[in-house]
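Some notes on the structure that comes next.
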Amino acid sequence: MELVSGQVSAVATASSHSVLVVDDHPQAQVLLSRFLKRMGYQVEIASNGLEAVEAVIRRRPDIVIMDVEMPVMGGYEATERIRGAAHERWLPIVFLSATPDSGALIRALERGGDDYLVKPISYTVLRAKMRAVSRTLILQRELEDRSARLAAYRAAEDEQNRTAEHVIRRLATHDLLDESVLQHWTAAASVFSGDLVAAARTPSGRLHVMLADGAGHGLAAALSALPVTQPFYRMTEKGYPLSTIVEEMNGKIRRLLPVEHFVAATLIAVDFKEQVIEIWNGGNPPLCVIGEQGNLLHLARSRNLALGVAPENLFSTDPEIYRYDEPCQVISCSDGLFEAAGWSAADSGAKLLAELLGPHAPATRLDRLKERCIAIGGTAATNDDVSAVVITCIPGQYAAPASVLPVQQRVGHVGDWHFEVGLSAEQLKTVDVVPLLHDVVSRMHGWCVRNPKLFLVLSELVTNALDHGVLGLDSLIKLEPEGFQRYVHLRQAKLAALTSGGIHVRIAGFDRDSRPMLSIVVKDTGSGFDFEAALAHEATLDAPYGRGIGLLRRVCEGVEYRGAGNEVEVLFAVDQNDGGAGAGSSD
């Protein structure tokens with residue numbers, strides 16, 4: 001076996017290759033066949049160009065040695081037809097000719113040939129040329145094989161990406177992203193977006209919105225942001241406040257992700273009835289509240305670390321409170337959008353954002369923001385994922401659409417049942433009482449599930465017992481300038497310092513005239529209030545306090561205050577199927 005330094009031997013390269021010899025002279029056919037077989041090739045014969053074309057289509061040889069001058073069909077025409085039949089497959093064709101001049105060589109190469117042999121054929125020259133053609137053919141076949149494997153790999157990867165994108169999108173999206181008060185935009189820097197926008201309503205009608213930005217971009221960033229969606233949706237639909245939700249999300253990120261991965265997040269809760277916006281910003285650019293006329297009303301800076309960075313004992317969950325009394329828009333963006341727009345992700349950039357959007361009509365501001373990003377970067381996103389959320393808040397418009405908050409029920413006649421819960425001062429600090437009670441009642445066999453009015457009643461009773469009974473807060477504080485914010489901060493301080501007192505709740509289920517009913521009794525350790533005067537002079541709906549008693553009387557079958565006013569019992573009909581309870585209120 002003859003070896004060429006650094007290359008495969010001629011026999012080895014030829015052993016698996018077939019050669020089609022096309023010549024109208026029998027002597028040339030015999031001579032070429034002997035030479036080629038001696039070199040290890042498999043040989044077939046064709047006597048003219050037409051036979052050659054048919055043989056190529058039928059047998060698919062690896063190499064063709066083609067005579068130029070032949071009857072029926074010449075070598076040049078046959079080569080053109082063979083090239084058309086071979087499509088993308090490379091088939092080396094070596095021309096044979098008795099003409100030794102360079103013009104003939106040029107014509108052969110121009111007509112599709114890969115090499116040229118002059119008759120009479122020298123065995124040494126033939127062997128050298130065939131060895132070169134075989135090596136090239138092997139490399140070409142390897143290249144084709146690698147290209148095919150690469151194409152198969154890319155097709156499989158594309159299918160995996162489509163599947164992953166579908167799953168991520170289904171886990172991350174929610175019908176409430178289509179609410180009329182909410183506009184949103186995300187643009188990925190690659191197949192997957194590490195930016196995520198989510199929205200959901202609490203049972204009482206509060207709108208929760210989240211803009212999460214996983215570190216980096218691509219699949220890793222998308223997977224980093226994905227774990228926050230489950231606690232966001234699940235806990236929002238059960239009525240938990242932002243503080244509890246972000247605490248749960250921070251713990252989940254720390255448990256699931258590597259230490260170098262984190263998620264910047266902005267969570268927004270809008271109580272349209274109370275006209276209150278709660279904002280928790282951890283690692284995102286400042287959130288802007290812009291008035292209808294374009295004036296910058298409020299900046300909510302990042303006061304917290306991104307989710308997954310700080311342990312529980314160092315993690316702050318308290319949201320920022322803003323109360324609006326004029327039409328406005330809440331605008332939150334990821335740092336990728338600020339980068340795409342050419343702004344600093346700090347106060348200066350947020351002010352530029354407000355200056356850009358302020359002169360435009362509220363309904364067109366998000367489109368203007370997109371135009372800015374595209375004009376600066378050339379595309380929607382160049383280096384990082386971008387996202388933006390716009391929430392429109394108009395005083396007096398607060399009811400959640402009925403289709404968003406359906407009353408899901410399993411109403412039956414299951415007999416009497418009851419449970420009681422006593423909550424001490426320490427438990428009132430750490431337990432979200434209303435979602436807990438609503439969840440317990442919802443899990444009772446045959447009773448209501450996700451009933452907005454039930455949540456509203458529980459919230460009204462427990463909040464009044466805690467705020468005015470245990471903590472002794474006065475609702476008149478809300479009438480002062482910045483009174484609502486002061487009321488919230490005072491409540492937080494009093495609750496943190498609480499060492500005594502508590503609330504007792506008893507909930508019983510029973511049937512009355514074939515209707516399922518709930519008896520809810522809430523008693524607190526406070527000094528009570530003059531409920532007879534309050535019942536006689538029901539507060540107006542426009543006041544920032546005092547609406548609770550009237551609301552309970554409208555929603556419940558009966559309301560009865562006892563003792564000094566620190567105990568109240570309401571009767572609630574479970575089969576109410578009106579989902580338009582709206583947002584909750586506290587007197």
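By order in the structure tokens, chains are A, B, ...; within a chain, residues start at 1; ligands start at 1, following the order shown.
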
Distance query Ser18 (chain A) at most 9 Å, only C-alpha atoms, self and fewer than 3 positions along chain excluded, as a list in words: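 Answer for this query is Ala14, Ser15, Tyr41, Gln42, Val43, Glu44, Arg60, Pro61, Asp62, Ile63 and Val64 of chain A.
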
Extract, using only C-alpha atoms, all DNA, RNA and protein residues at most 9 Å from Gly239 (chain A), discarding same-chain residues fewer than 3 positions from it, and format them as a PDB file with C-alpha atoms, in the first residue's frame.
ATOM      1  CA  ARG A 201     -56.157  40.763  40.214  1.00  0.00           C
ATOM      2  CA  THR A 202     -56.686  40.022  43.881  1.00  0.00           C
ATOM      3  CA  PRO A 203     -60.131  38.775  44.941  1.00  0.00           C
ATOM      4  CA  SER A 204     -60.972  42.306  46.066  1.00  0.00           C
ATOM      5  CA  ARG A 206     -56.657  45.239  43.298  1.00  0.00           C
ATOM      6  CA  ARG A 234     -50.917  32.191  43.051  1.00  0.00           C
ATOM      7  CA  MET A 235     -50.517  34.621  45.948  1.00  0.00           C
ATOM      8  CA  THR A 236     -52.156  37.528  44.127  1.00  0.00           C
ATOM      9  CA  VAL A 434     -57.538  37.703  55.258  1.00  0.00           C
ATOM     10  CA  PRO A 435     -55.997  35.398  52.581  1.00  0.00           C
ATOM     11  CA  HIS A 438     -60.502  33.103  52.627  1.00  0.00           C
ATOM     12  CA  PHE A 455     -62.850  38.350  50.298  1.00  0.00           C
TER      13      PHE A 455
END

DSSP on the backbone, strand (DSSP E or B) only: what residues of region 405-532 of chain A does that give? Format it as a ChimeraX atom specification. /A:408,417-424,449,502-512,515-524

Prev. selection, C-alpha atoms, output as a PDB file, in the first residue's frame:
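As a result, result.pdb now contains:
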ATOM      1  CA  GLN A 408     -66.149  30.038  40.933  1.00  0.00           C
ATOM      2  CA  TRP A 417     -69.537  23.299  60.152  1.00  0.00           C
ATOM      3  CA  HIS A 418     -67.439  25.980  61.814  1.00  0.00           C
ATOM      4  CA  PHE A 419     -63.913  26.893  62.771  1.00  0.00           C
ATOM      5  CA  GLU A 420     -62.390  29.501  65.083  1.00  0.00           C
ATOM      6  CA  VAL A 421     -59.067  31.318  64.945  1.00  0.00           C
ATOM      7  CA  GLY A 422     -57.474  33.352  67.733  1.00  0.00           C
ATOM      8  CA  LEU A 423     -54.688  35.683  66.602  1.00  0.00           C
ATOM      9  CA  SER A 424     -52.270  37.153  69.146  1.00  0.00           C
ATOM     10  CA  VAL A 449     -63.911  29.284  45.602  1.00  0.00           C
ATOM     11  CA  GLY A 502     -55.559  40.281  69.426  1.00  0.00           C
ATOM     12  CA  ILE A 503     -58.454  39.271  67.199  1.00  0.00           C
ATOM     13  CA  HIS A 504     -60.789  36.281  67.422  1.00  0.00           C
ATOM     14  CA  VAL A 505     -62.598  35.031  64.304  1.00  0.00           C
ATOM     15  CA  ARG A 506     -65.360  32.434  64.092  1.00  0.00           C
ATOM     16  CA  ILE A 507     -66.751  31.326  60.725  1.00  0.00           C
ATOM     17  CA  ALA A 508     -69.644  28.884  60.448  1.00  0.00           C
ATOM     18  CA  GLY A 509     -71.378  27.371  57.448  1.00  0.00           C
ATOM     19  CA  PHE A 510     -75.032  26.350  57.370  1.00  0.00           C
ATOM     20  CA  ASP A 511     -78.076  26.165  55.118  1.00  0.00           C
ATOM     21  CA  ARG A 512     -80.997  28.586  55.372  1.00  0.00           C
ATOM     22  CA  ARG A 515     -79.305  28.548  50.549  1.00  0.00           C
ATOM     23  CA  PRO A 516     -75.704  28.094  51.731  1.00  0.00           C
ATOM     24  CA  MET A 517     -74.810  30.803  54.248  1.00  0.00           C
ATOM     25  CA  LEU A 518     -71.795  31.925  56.240  1.00  0.00           C
ATOM     26  CA  SER A 519     -71.849  33.443  59.700  1.00  0.00           C
ATOM     27  CA  ILE A 520     -68.663  35.472  60.270  1.00  0.00           C
ATOM     28  CA  VAL A 521     -67.970  36.847  63.760  1.00  0.00           C
ATOM     29  CA  VAL A 522     -64.930  39.049  64.405  1.00  0.00           C
ATOM     30  CA  LYS A 523     -64.057  40.323  67.863  1.00  0.00           C
ATOM     31  CA  ASP A 524     -61.064  42.470  68.809  1.00  0.00           C
TER      32      ASP A 524
END

Go ahead and compute the interatomic distance for CA of Ile391 (chain A) and CA of Ala198 (chain A), in Å to one decimal. 12.4 Å

Residue neighbourhood region 289-298 of chain A, 12 Å, only C-alpha atoms, exclusion window fewer than 2 positions, as a PyMOL selection string: chain A and resi 268+277-279+286-287+300-301+320-332+347+350-365+389-395

Can you list, as number ranges by chain, every protein, DNA or RNA residue that comes within 9 Å of region 78-86 of chain A when you count only C-alpha atoms, leaving out same-chain residues fewer than 2 positions away? A: 48-54, 56-57, 60, 66, 73-76, 88-91, 93, 111-113

Best match for closeness to Arg127 (chain A) among A:Gly563, A:Pro71, A:Gly40, A:Pro285, counting only C-alpha atoms: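 Residue with the minimum atom-to-atom distance to Arg127 (chain A): A:Gly40.
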
Hey, which of A:Val470, A:Leu109, A:Val488, A:Val94 ends up closest to Val133 (chain A)? Count only C-alpha atoms.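 The closest residue to Val133 (chain A) is A:Val94.
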
Of the candidates A:Asn566, A:Ser500, A:Thr430, A:Gln397, which shows the shortest atom-to-atom distance to Gly526 (chain A), using only C-alpha atoms?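 For Gly526 (chain A), the nearest of the candidates is A:Asn566.
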
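For Glu260 (chain A), the residues within 9 Å (counting only C-alpha atoms, excluding itself and residues fewer than 2 positions away along the chain) are Ala215, Leu257, Pro258, Phe262 and Val309 of chain A.
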
Next, write the just-selected residues to a file, as a PDB file, in the first residue's frame, keeping N, CA and C atoms as the atom set.
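Dumped everything to again.pdb:
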ATOM      1  N   ALA A 215     -31.008  38.413  35.341  1.00  0.00           N
ATOM      2  CA  ALA A 215     -29.645  38.850  35.023  1.00  0.00           C
ATOM      3  C   ALA A 215     -29.221  38.274  33.680  1.00  0.00           C
ATOM      4  N   LEU A 257     -31.911  29.178  42.384  1.00  0.00           N
ATOM      5  CA  LEU A 257     -30.903  29.626  41.426  1.00  0.00           C
ATOM      6  C   LEU A 257     -29.503  29.633  42.018  1.00  0.00           C
ATOM      7  N   PRO A 258     -28.479  29.525  41.160  1.00  0.00           N
ATOM      8  CA  PRO A 258     -27.099  29.686  41.644  1.00  0.00           C
ATOM      9  C   PRO A 258     -26.905  31.078  42.245  1.00  0.00           C
ATOM     10  N   PHE A 262     -29.712  36.509  39.880  1.00  0.00           N
ATOM     11  CA  PHE A 262     -30.694  37.295  40.626  1.00  0.00           C
ATOM     12  C   PHE A 262     -31.700  37.872  39.645  1.00  0.00           C
ATOM     13  N   VAL A 309     -30.746  38.259  46.152  1.00  0.00           N
ATOM     14  CA  VAL A 309     -29.451  38.749  46.625  1.00  0.00           C
ATOM     15  C   VAL A 309     -29.352  38.666  48.147  1.00  0.00           C
TER      16      VAL A 309
END

Measuring atom to atom with only C-alpha atoms, identify which of A:Lys252, A:Lys119, A:His208, A:Arg58 is nearest to Pro227 (chain A). A:Lys252

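Near Phe529 (chain A), within 12 Å and counting only C-alpha atoms, sit Asn464, Ala465, His468, Gly469, Gly472, Leu473, Asp474, Asp524, Gly526, Ser527, Phe531, Glu532, Ala533, Ala534, Leu535, Tyr561, Arg562, Gly563, Ala564, Gly565, Asn566, Glu567 and Val568 of chain A, not including residues fewer than 2 positions from it in the same chain.
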